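Student: Take a look at input-v1.cif, mmCIF, C-alpha atoms and all ligand atoms:
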data_query
loop_
_atom_site.group_PDB
_atom_site.id
_atom_site.type_symbol
_atom_site.label_atom_id
_atom_site.label_comp_id
_atom_site.auth_asym_id
_atom_site.auth_seq_id
_atom_site.Cartn_x
_atom_site.Cartn_y
_atom_site.Cartn_z
ATOM 1 C CA MET Z 1 -45.986 13.993 -50.476
ATOM 2 C CA LYS Z 2 -49.142 13.094 -48.572
ATOM 3 C CA LYS Z 3 -49.721 9.348 -48.405
ATOM 4 C CA GLY Z 4 -52.386 8.219 -50.850
ATOM 5 C CA PHE Z 5 -55.026 5.649 -50.152
ATOM 6 C CA ILE Z 6 -57.820 3.640 -51.680
ATOM 7 C CA LEU Z 7 -61.350 4.137 -50.437
ATOM 8 C CA TRP Z 8 -63.021 0.959 -51.629
ATOM 9 C CA PHE Z 9 -66.813 0.996 -51.625
ATOM 10 C CA THR Z 10 -68.620 -2.317 -51.823
ATOM 11 C CA GLY Z 11 -72.304 -3.151 -51.670
ATOM 12 C CA LEU Z 12 -75.264 -4.288 -53.706
ATOM 13 C CA SER Z 13 -76.636 -2.343 -56.660
ATOM 14 C CA GLY Z 14 -78.430 0.760 -55.418
ATOM 15 C CA SER Z 15 -76.771 0.652 -51.995
ATOM 16 C CA GLY Z 16 -75.191 4.096 -52.459
ATOM 17 C CA LYS Z 17 -71.641 3.539 -53.718
ATOM 18 C CA SER Z 18 -71.819 6.077 -56.575
ATOM 19 C CA THR Z 19 -73.760 8.619 -54.521
ATOM 20 C CA LEU Z 20 -71.310 8.454 -51.625
ATOM 21 C CA SER Z 21 -68.190 8.354 -53.780
ATOM 22 C CA LYS Z 22 -69.237 11.653 -55.404
ATOM 23 C CA MET Z 23 -70.055 13.231 -52.047
ATOM 24 C CA VAL Z 24 -66.817 12.103 -50.429
ATOM 25 C CA GLU Z 25 -64.897 13.289 -53.487
ATOM 26 C CA GLU Z 26 -66.370 16.791 -53.129
ATOM 27 C CA ARG Z 27 -65.567 16.946 -49.411
ATOM 28 C CA LEU Z 28 -61.994 15.829 -49.961
ATOM 29 C CA LEU Z 29 -61.422 18.207 -52.881
ATOM 30 C CA GLU Z 30 -62.537 21.069 -50.617
ATOM 31 C CA ARG Z 31 -59.740 20.013 -48.263
ATOM 32 C CA GLY Z 32 -57.148 20.072 -51.001
ATOM 33 C CA VAL Z 33 -56.872 16.271 -51.260
ATOM 34 C CA LYS Z 34 -56.229 14.898 -54.739
ATOM 35 C CA VAL Z 35 -59.071 12.515 -55.642
ATOM 36 C CA GLU Z 36 -60.012 10.235 -58.506
ATOM 37 C CA VAL Z 37 -63.222 8.201 -58.651
ATOM 38 C CA LEU Z 38 -63.310 4.866 -60.472
ATOM 39 C CA ASP Z 39 -66.997 4.110 -60.783
ATOM 40 C CA GLY Z 40 -68.057 0.604 -61.781
ATOM 41 C CA ASP Z 41 -70.490 1.729 -64.466
ATOM 42 C CA GLU Z 42 -67.969 4.034 -66.086
ATOM 43 C CA VAL Z 43 -65.128 1.519 -65.896
ATOM 44 C CA ARG Z 44 -67.258 -1.040 -67.704
ATOM 45 C CA THR Z 45 -67.544 1.327 -70.687
ATOM 46 C CA ASN Z 46 -63.788 1.773 -71.093
ATOM 47 C CA LEU Z 47 -61.174 -0.038 -68.976
ATOM 48 C CA SER Z 48 -63.317 -3.185 -68.759
ATOM 49 C CA LYS Z 49 -65.328 -2.826 -71.939
ATOM 50 C CA GLY Z 50 -66.470 -6.197 -73.208
ATOM 51 C CA LEU Z 51 -66.354 -7.940 -69.844
ATOM 52 C CA GLY Z 52 -69.552 -9.603 -68.676
ATOM 53 C CA PHE Z 53 -70.860 -10.753 -65.322
ATOM 54 C CA SER Z 54 -69.446 -14.259 -64.979
ATOM 55 C CA LYS Z 55 -67.321 -14.852 -61.882
ATOM 56 C CA GLU Z 56 -64.187 -14.711 -64.025
ATOM 57 C CA ASP Z 57 -65.126 -11.439 -65.729
ATOM 58 C CA ARG Z 58 -66.226 -9.843 -62.463
ATOM 59 C CA ASP Z 59 -62.880 -10.792 -60.902
ATOM 60 C CA THR Z 60 -60.985 -9.384 -63.882
ATOM 61 C CA ASN Z 61 -62.966 -6.138 -63.650
ATOM 62 C CA ILE Z 62 -62.182 -5.752 -59.951
ATOM 63 C CA ARG Z 63 -58.503 -6.611 -60.415
ATOM 64 C CA ARG Z 64 -58.217 -3.920 -63.103
ATOM 65 C CA ILE Z 65 -59.913 -1.339 -60.920
ATOM 66 C CA GLY Z 66 -57.659 -2.368 -58.053
ATOM 67 C CA TYR Z 67 -54.561 -2.050 -60.225
ATOM 68 C CA VAL Z 68 -55.382 1.470 -61.402
ATOM 69 C CA ALA Z 69 -56.417 2.513 -57.895
ATOM 70 C CA LYS Z 70 -53.097 1.258 -56.553
ATOM 71 C CA LEU Z 71 -51.131 3.275 -59.121
ATOM 72 C CA LEU Z 72 -53.063 6.388 -58.161
ATOM 73 C CA ALA Z 73 -52.768 5.797 -54.431
ATOM 74 C CA ARG Z 74 -49.026 5.300 -54.486
ATOM 75 C CA ASN Z 75 -48.752 8.704 -56.164
ATOM 76 C CA GLY Z 76 -50.504 10.440 -53.308
ATOM 77 C CA VAL Z 77 -54.038 10.353 -54.710
ATOM 78 C CA CYS Z 78 -57.152 9.236 -52.878
ATOM 79 C CA ALA Z 79 -58.565 6.666 -55.298
ATOM 80 C CA ILE Z 80 -62.242 6.033 -54.620
ATOM 81 C CA THR Z 81 -63.751 2.926 -56.187
ATOM 82 C CA ALA Z 82 -67.465 2.348 -56.563
ATOM 83 C CA ALA Z 83 -68.076 -1.115 -57.980
ATOM 84 C CA ILE Z 84 -70.214 -3.851 -56.415
ATOM 85 C CA SER Z 85 -67.086 -6.000 -55.927
ATOM 86 C CA PRO Z 86 -69.026 -8.990 -54.595
ATOM 87 C CA TYR Z 87 -66.163 -11.313 -53.623
ATOM 88 C CA GLN Z 88 -64.188 -10.994 -50.399
ATOM 89 C CA GLU Z 89 -61.233 -12.891 -51.825
ATOM 90 C CA ILE Z 90 -60.633 -10.377 -54.613
ATOM 91 C CA ARG Z 91 -61.158 -7.377 -52.330
ATOM 92 C CA ASP Z 92 -58.578 -8.890 -49.985
ATOM 93 C CA GLU Z 93 -56.230 -9.501 -52.880
ATOM 94 C CA VAL Z 94 -56.361 -5.801 -53.756
ATOM 95 C CA ARG Z 95 -55.894 -4.884 -50.090
ATOM 96 C CA ARG Z 96 -52.780 -7.067 -49.869
ATOM 97 C CA SER Z 97 -51.390 -5.645 -53.102
ATOM 98 C CA VAL Z 98 -51.425 -2.072 -51.745
ATOM 99 C CA ASP Z 99 -49.953 -3.055 -48.408
ATOM 100 C CA GLY Z 100 -47.236 -0.635 -47.376
ATOM 101 C CA HIS Z 101 -47.564 1.562 -50.477
ATOM 102 C CA ALA Z 102 -50.758 3.279 -49.373
ATOM 103 C CA GLY Z 103 -53.802 2.909 -47.142
ATOM 104 C CA PHE Z 104 -56.769 0.699 -47.943
ATOM 105 C CA VAL Z 105 -60.158 1.578 -46.491
ATOM 106 C CA GLU Z 106 -63.067 -0.746 -47.172
ATOM 107 C CA ALA Z 107 -66.456 0.949 -46.874
ATOM 108 C CA TYR Z 108 -69.469 -1.338 -46.854
ATOM 109 C CA CYS Z 109 -72.767 0.146 -48.033
ATOM 110 C CA GLU Z 110 -75.200 -2.101 -46.182
ATOM 111 C CA CYS Z 111 -78.868 -2.089 -47.154
ATOM 112 C CA PRO Z 112 -81.431 -4.917 -47.000
ATOM 113 C CA ILE Z 113 -82.303 -6.241 -50.429
ATOM 114 C CA GLU Z 114 -86.032 -5.603 -49.840
ATOM 115 C CA LYS Z 115 -85.326 -1.894 -49.502
ATOM 116 C CA LEU Z 116 -83.108 -1.877 -52.573
ATOM 117 C CA ALA Z 117 -85.776 -3.662 -54.597
ATOM 118 C CA ALA Z 118 -88.374 -1.148 -53.406
ATOM 119 C CA ARG Z 119 -86.053 1.780 -54.192
ATOM 120 C CA ASP Z 120 -85.004 0.241 -57.527
ATOM 121 C CA VAL Z 121 -83.049 3.309 -58.694
ATOM 122 C CA LYS Z 122 -82.219 1.863 -62.111
ATOM 123 C CA GLY Z 123 -85.229 -0.437 -62.512
ATOM 124 C CA LEU Z 124 -82.878 -3.426 -62.504
ATOM 125 C CA TYR Z 125 -84.295 -5.351 -59.527
ATOM 126 C CA LYS Z 126 -87.685 -5.565 -61.193
ATOM 127 C CA LYS Z 127 -86.076 -7.044 -64.291
ATOM 128 C CA ALA Z 128 -83.813 -9.380 -62.322
ATOM 129 C CA MET Z 129 -86.720 -10.674 -60.244
ATOM 130 C CA ALA Z 130 -88.706 -11.251 -63.421
ATOM 131 C CA GLY Z 131 -85.772 -13.284 -64.777
ATOM 132 C CA GLU Z 132 -85.087 -10.763 -67.550
ATOM 133 C CA ILE Z 133 -81.560 -10.113 -66.280
ATOM 134 C CA LYS Z 134 -79.453 -13.090 -65.250
ATOM 135 C CA HIS Z 135 -76.520 -13.122 -62.809
ATOM 136 C CA PHE Z 136 -77.801 -10.123 -60.884
ATOM 137 C CA THR Z 137 -75.915 -9.701 -57.612
ATOM 138 C CA GLY Z 138 -78.089 -10.427 -54.599
ATOM 139 C CA ILE Z 139 -80.828 -12.046 -56.699
ATOM 140 C CA ASP Z 140 -79.218 -14.953 -58.565
ATOM 141 C CA ASP Z 141 -75.534 -14.162 -58.096
ATOM 142 C CA PRO Z 142 -73.568 -14.094 -54.824
ATOM 143 C CA TYR Z 143 -72.623 -11.116 -52.687
ATOM 144 C CA GLU Z 144 -70.164 -11.614 -49.849
ATOM 145 C CA PRO Z 145 -70.385 -8.816 -47.269
ATOM 146 C CA PRO Z 146 -66.997 -7.627 -45.997
ATOM 147 C CA VAL Z 147 -65.726 -9.390 -42.888
ATOM 148 C CA ASP Z 148 -63.861 -6.466 -41.326
ATOM 149 C CA PRO Z 149 -64.605 -3.261 -43.224
ATOM 150 C CA GLU Z 150 -63.098 -0.056 -41.854
ATOM 151 C CA ALA Z 151 -66.498 1.632 -42.240
ATOM 152 C CA ILE Z 152 -70.081 0.404 -42.465
ATOM 153 C CA VAL Z 153 -72.863 2.712 -43.546
ATOM 154 C CA HIS Z 154 -76.490 1.611 -43.247
ATOM 155 C CA THR Z 155 -77.932 3.297 -46.280
ATOM 156 C CA GLY Z 156 -81.402 1.887 -45.721
ATOM 157 C CA ASP Z 157 -81.721 3.683 -42.380
ATOM 158 C CA GLU Z 158 -79.738 6.894 -42.709
ATOM 159 C CA GLY Z 159 -79.405 9.709 -45.218
ATOM 160 C CA PRO Z 160 -76.415 10.219 -47.532
ATOM 161 C CA GLU Z 161 -75.077 13.118 -45.437
ATOM 162 C CA GLN Z 162 -74.777 10.925 -42.355
ATOM 163 C CA SER Z 163 -73.136 8.087 -44.282
ATOM 164 C CA CYS Z 164 -70.717 10.492 -45.949
ATOM 165 C CA ALA Z 165 -69.808 12.078 -42.600
ATOM 166 C CA ARG Z 166 -68.966 8.675 -41.095
ATOM 167 C CA ILE Z 167 -66.664 7.834 -43.975
ATOM 168 C CA ILE Z 168 -64.902 11.179 -43.779
ATOM 169 C CA LYS Z 169 -64.501 10.725 -40.020
ATOM 170 C CA THR Z 170 -63.023 7.267 -40.606
ATOM 171 C CA VAL Z 171 -60.357 8.454 -43.052
ATOM 172 C CA GLU Z 172 -59.575 11.374 -40.746
ATOM 173 C CA MET Z 173 -59.088 9.078 -37.760
ATOM 174 C CA LEU Z 174 -56.877 6.799 -39.818
ATOM 175 C CA GLY Z 175 -54.658 9.827 -40.414
ATOM 176 C CA LEU Z 176 -55.200 9.703 -44.179
ATOM 177 C CA VAL Z 177 -56.678 13.199 -44.502
ATOM 178 C CA PRO Z 178 -56.152 16.180 -42.206
ATOM 179 C CA PRO Z 179 -59.040 16.772 -39.802
ATOM 180 C CA VAL Z 180 -61.017 19.965 -40.179
ATOM 181 C CA PRO Z 181 -61.434 21.791 -36.870
ATOM 182 C CA GLY Z 182 -65.019 22.398 -35.872
ATOM 183 C CA ASP Z 183 -66.705 19.842 -38.086
ATOM 184 C CA ASP Z 184 -69.896 18.768 -36.387
ATOM 185 C CA TYR Z 185 -69.964 14.989 -36.535
ATOM 186 C CA GLY Z 186 -71.584 13.918 -33.227
ATOM 187 C CA ILE Z 187 -69.375 12.904 -30.319
ATOM 188 C CA ASP Z 188 -71.169 9.545 -29.869
ATOM 189 C CA GLU Z 189 -70.771 8.765 -33.542
ATOM 190 C CA GLU Z 190 -67.138 9.776 -33.383
ATOM 191 C CA LYS Z 191 -66.619 7.387 -30.467
ATOM 192 C CA ALA Z 192 -68.283 4.591 -32.455
ATOM 193 C CA VAL Z 193 -65.900 5.155 -35.369
ATOM 194 C CA ALA Z 194 -62.919 5.155 -32.997
ATOM 195 C CA ALA Z 195 -64.125 1.944 -31.310
ATOM 196 C CA ARG Z 196 -64.506 0.184 -34.642
ATOM 197 C CA LEU Z 197 -61.014 1.190 -35.790
ATOM 198 C CA ARG Z 198 -59.515 0.159 -32.438
ATOM 199 C CA ASP Z 199 -61.180 -3.268 -32.741
ATOM 200 C CA LEU Z 200 -59.542 -3.664 -36.136
ATOM 201 C CA GLY Z 201 -56.126 -2.904 -34.653
ATOM 202 C CA TYR Z 202 -55.750 0.699 -35.749
ATOM 203 C CA LEU Z 203 -55.181 3.692 -33.455
ATOM 204 C CA GLY Z 204 -52.611 1.895 -31.299
HETATM 205 N N1 LIG E 301 -77.295 6.885 -46.833
HETATM 206 C C1 LIG E 301 -77.324 6.855 -48.162
HETATM 207 N N2 LIG E 301 -76.170 6.806 -48.853
HETATM 208 C C2 LIG E 301 -76.171 6.752 -50.207
HETATM 209 N N3 LIG E 301 -77.286 6.736 -50.979
HETATM 210 C C3 LIG E 301 -78.468 6.789 -50.331
HETATM 211 C C4 LIG E 301 -78.543 6.839 -48.912
HETATM 212 N N4 LIG E 301 -79.859 6.873 -48.561
HETATM 213 C C5 LIG E 301 -80.557 6.858 -49.702
HETATM 214 N N5 LIG E 301 -79.744 6.808 -50.788
HETATM 215 C C6 LIG E 301 -80.205 6.745 -52.186
HETATM 216 O O1 LIG E 301 -79.893 5.450 -52.687
HETATM 217 C C7 LIG E 301 -79.552 5.513 -54.054
HETATM 218 C C8 LIG E 301 -78.173 4.905 -54.266
HETATM 219 O O2 LIG E 301 -77.903 4.790 -55.646
HETATM 220 P P1 LIG E 301 -76.423 4.650 -56.227
HETATM 221 O O3 LIG E 301 -76.529 4.838 -57.692
HETATM 222 O O4 LIG E 301 -75.497 5.536 -55.477
HETATM 223 O O5 LIG E 301 -76.096 3.138 -55.870
HETATM 224 P P2 LIG E 301 -74.848 2.243 -56.356
HETATM 225 O O6 LIG E 301 -74.415 1.478 -55.136
HETATM 226 O O7 LIG E 301 -73.848 3.074 -57.041
HETATM 227 O O8 LIG E 301 -75.539 1.218 -57.358
HETATM 228 P P3 LIG E 301 -74.912 0.452 -58.642
HETATM 229 O O9 LIG E 301 -74.083 -0.688 -58.117
HETATM 230 O O10 LIG E 301 -76.109 -0.052 -59.386
HETATM 231 O O11 LIG E 301 -74.117 1.447 -59.432
HETATM 232 C C9 LIG E 301 -79.610 6.969 -54.477
HETATM 233 O O12 LIG E 301 -80.873 7.218 -55.059
HETATM 234 C C10 LIG E 301 -79.478 7.704 -53.136
HETATM 235 O O13 LIG E 301 -80.111 8.963 -53.145
HETATM 236 MG MG MG E 302 -73.075 3.041 -59.018
#
Rewrite the structure from the file as structure tokens, please.
Tutor:
Amino acid sequence: MKKGFILWFTGLSGSGKSTLSKMVEERLLERGVKVEVLDGDEVRTNLSKGLGFSKEDRDTNIRRIGYVAKLLARNGVCAITAAISPYQEIRDEVRRSVDGHAGFVEAYCECPIEKLAARDVKGLYKKAMAGEIKHFTGIDDPYEPPVDPEAIVHTGDEGPEQSCARIIKTVEMLGLVPPVPGDDYGIDEEKAVAARLRDLGYLG
């Protein structure tokens, strides 16, 4: 059985986690990889129904997502998670818990808050800045960017296709999905992905 892994997106609201998780899912399904997406919004209507946005409830939400993702990954599935997951400590806890059973790939959707507020996909930044929503990540609740993510995508500067391609290239180079001959991700970009993974201690 092919080794499963968790592709863990993290980033502020509107930074592209849901968009990219769907795109990556499609690309991996085309390659015959088994995939399941655990999207933050959807999880909060079932698995984590009733949880709020206090630190404790956010941590519980992320631990639950991490637990399900781990079960999937150890059965050969690529579990993609798309929740803000603002705290490094809990992301690291999930990473440690999958150690050895499967791979863990942290993908940081980086985008300056000014751009997110201008984009305001769900109209939430406007409300948060007006004080109508409390505990909104990045406005009046903390977000801790990952220290050593396997992939960083700058979703304020590049299109979804480019971000998606970098993530696919990363999981390919980590040996988690088979490479597709002739894919056209640029050689310079490919070198940048390799350099990042080498810095993190992968690739020998
Ligand atoms: N490089 C990129 N990657 C992903 N999305 C991008 C990129 N560039 C622009 N976008 C746009 O940014 C928006 C991202 O919204 P999305 O719902 O995916 O964010 P999210 O991180 O899931 O937010 P939330 O935490 O609120 O669910 C979409 O409208 C998407 O088209
Ligand atoms: Mg989303």
Student: Residues within 7 Å of ligand LIG 301 (chain E) (only C-alpha atoms and all ligand atoms), as an NGL selection string?
Tutor: :Z and (11-20 or 40-41 or 82-84 or 121-122 or 153-156 or 158-163)
Student: Would you mind listing what lies within 10 Å of stretch 30-34 of chain Z as a PyMOL selection string, with all atoms listed in the file counted and same-chain residues fewer than 5 positions away left out?
Tutor: chain Z and resi 2+4+24-25+72-73+75-79+176-180
Student: Assuming the chain letters and numbering stay as they are in my file, what does the PyMOL selection byres (((chain Z and resi 167) around 9) and not hetatm) actually select? List them as a VMD selection string.
Tutor: chain Z and resid 20 24 107 150 to 153 162 to 166 168 to 172
Student: Could the residues in this selection be written to a file with C-alpha atoms, as an mmCIF file, keeping the file's coordinate frame?
Tutor:
data_model
loop_
_atom_site.group_PDB
_atom_site.id
_atom_site.type_symbol
_atom_site.label_atom_id
_atom_site.label_comp_id
_atom_site.auth_asym_id
_atom_site.auth_seq_id
_atom_site.Cartn_x
_atom_site.Cartn_y
_atom_site.Cartn_z
ATOM 1 C CA LEU Z 20 -71.310 8.454 -51.625
ATOM 2 C CA VAL Z 24 -66.817 12.103 -50.429
ATOM 3 C CA ALA Z 107 -66.456 0.949 -46.874
ATOM 4 C CA GLU Z 150 -63.098 -0.056 -41.854
ATOM 5 C CA ALA Z 151 -66.498 1.632 -42.240
ATOM 6 C CA ILE Z 152 -70.081 0.404 -42.465
ATOM 7 C CA VAL Z 153 -72.863 2.712 -43.546
ATOM 8 C CA GLN Z 162 -74.777 10.925 -42.355
ATOM 9 C CA SER Z 163 -73.136 8.087 -44.282
ATOM 10 C CA CYS Z 164 -70.717 10.492 -45.949
ATOM 11 C CA ALA Z 165 -69.808 12.078 -42.600
ATOM 12 C CA ARG Z 166 -68.966 8.675 -41.095
ATOM 13 C CA ILE Z 168 -64.902 11.179 -43.779
ATOM 14 C CA LYS Z 169 -64.501 10.725 -40.020
ATOM 15 C CA THR Z 170 -63.023 7.267 -40.606
ATOM 16 C CA VAL Z 171 -60.357 8.454 -43.052
ATOM 17 C CA GLU Z 172 -59.575 11.374 -40.746
#
Student: To one decimal place in Å, what is the distance between atom CA of Z:Trp8 and atom CA of Z:Phe104?
Tutor: 7.3 Å
Student: Under the PyMOL selection byres (((chain Z and resi 47) around 12) and not hetatm), which residues of this model are included? Write them out as a list in words.
Tutor: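 Evaluating the PyMOL selection byres (((chain Z and resi 47) around 12) and not hetatm) on these coordinates yields Leu38, Asp39, Gly40, Asp41, Glu42, Val43, Arg44, Thr45, Asn46, Ser48, Lys49, Gly50, Leu51, Thr60, Asn61, Ile62, Arg63, Arg64, Ile65, Gly66, Tyr67 and Val68 of chain Z.
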Student: Name the residues that the PyMOL selection byres (((chain Z and resi 192) around 12) and not hetatm) pulls out of this structure, and write them as a ChimeraX atom specification.
Tutor: /Z:150-152,166,169-170,173,185-191,193-199
Student: Of the candidates Z:Leu116, Z:Arg91, Z:Leu174, Z:Lys126, which shows the shortest atom-to-atom distance to Z:Phe5, using all atoms listed in the file?
Tutor: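 Result for the nearest residue to Z:Phe5: Z:Leu174.
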Student: Calculate, to one decimal in Å, the centre and edge lengths of the box along x, y and z of the file that holds all listed atoms of stretch 79-90 of chain Z with 4 Å of margin on each side, and present them as lines of an AutoDock Vina configuration file.
Tutor:
center_x = -64.4
center_y = -3.1
center_z = -54.2
size_x = 19.6
size_y = 27.6
size_z = 15.6
Student: How many Å separate atom CA of Z:Glu36 from atom CA of Z:Asp57?
Tutor: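 Atom-to-atom, atom CA of Z:Glu36 to atom CA of Z:Asp57, that is 23.4 Å.
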Student: Work out how far atom CA of Z:Lys134 is from atom CA of Z:Phe9, in Å to one decimal.
Tutor: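 Rounded to one decimal, the two atoms are 23.3 Å apart.
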Student: Calculated over all atoms listed in the file, which of the candidates Z:Asp148, Z:Gly100, Z:Ala128, Z:Pro112 has the smallest distance to Z:Gly201?
Tutor: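 Result for the nearest residue to Z:Gly201: Z:Asp148.
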Student: For a quick check of understanding, using all atoms listed in the file, which of Z:Val105, Z:Val37, Z:Ala69, Z:Val98 has the smallest distance to ligand MG 302 (chain E)?
Tutor: Z:Val37
Student: Show me, as a list in words, the residues that have an atom within 12 Å of Z:Glu144 when counting all atoms listed in the file, minus same-chain residues fewer than 4 positions from it.
Tutor: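 My list of contacting residues is Thr10, Gly11, Leu12, Ile84, Ser85, Pro86, Tyr87, Gln88, Glu89, Ile90, Arg91, Asp92, Tyr108, Glu110, Thr137, Gly138 and Asp148 of chain Z.
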Student: Measuring atom to atom with only C-alpha atoms and all ligand atoms, identify which of Z:Arg27, Z:Lys70, Z:Cys109, Z:Ile6 is nearest to ligand MG 302 (chain E).
Tutor: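 Looking at the shortest contact to ligand MG 302 (chain E), the residue is Z:Cys109.
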Student: Which is closest to ligand MG 302 (chain E) among Z:Glu106, Z:Val147, Z:Leu7, Z:Lys22, if we use only C-alpha atoms and all ligand atoms?
Tutor: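 Among the listed residues, Z:Lys22 lies closest to ligand MG 302 (chain E).
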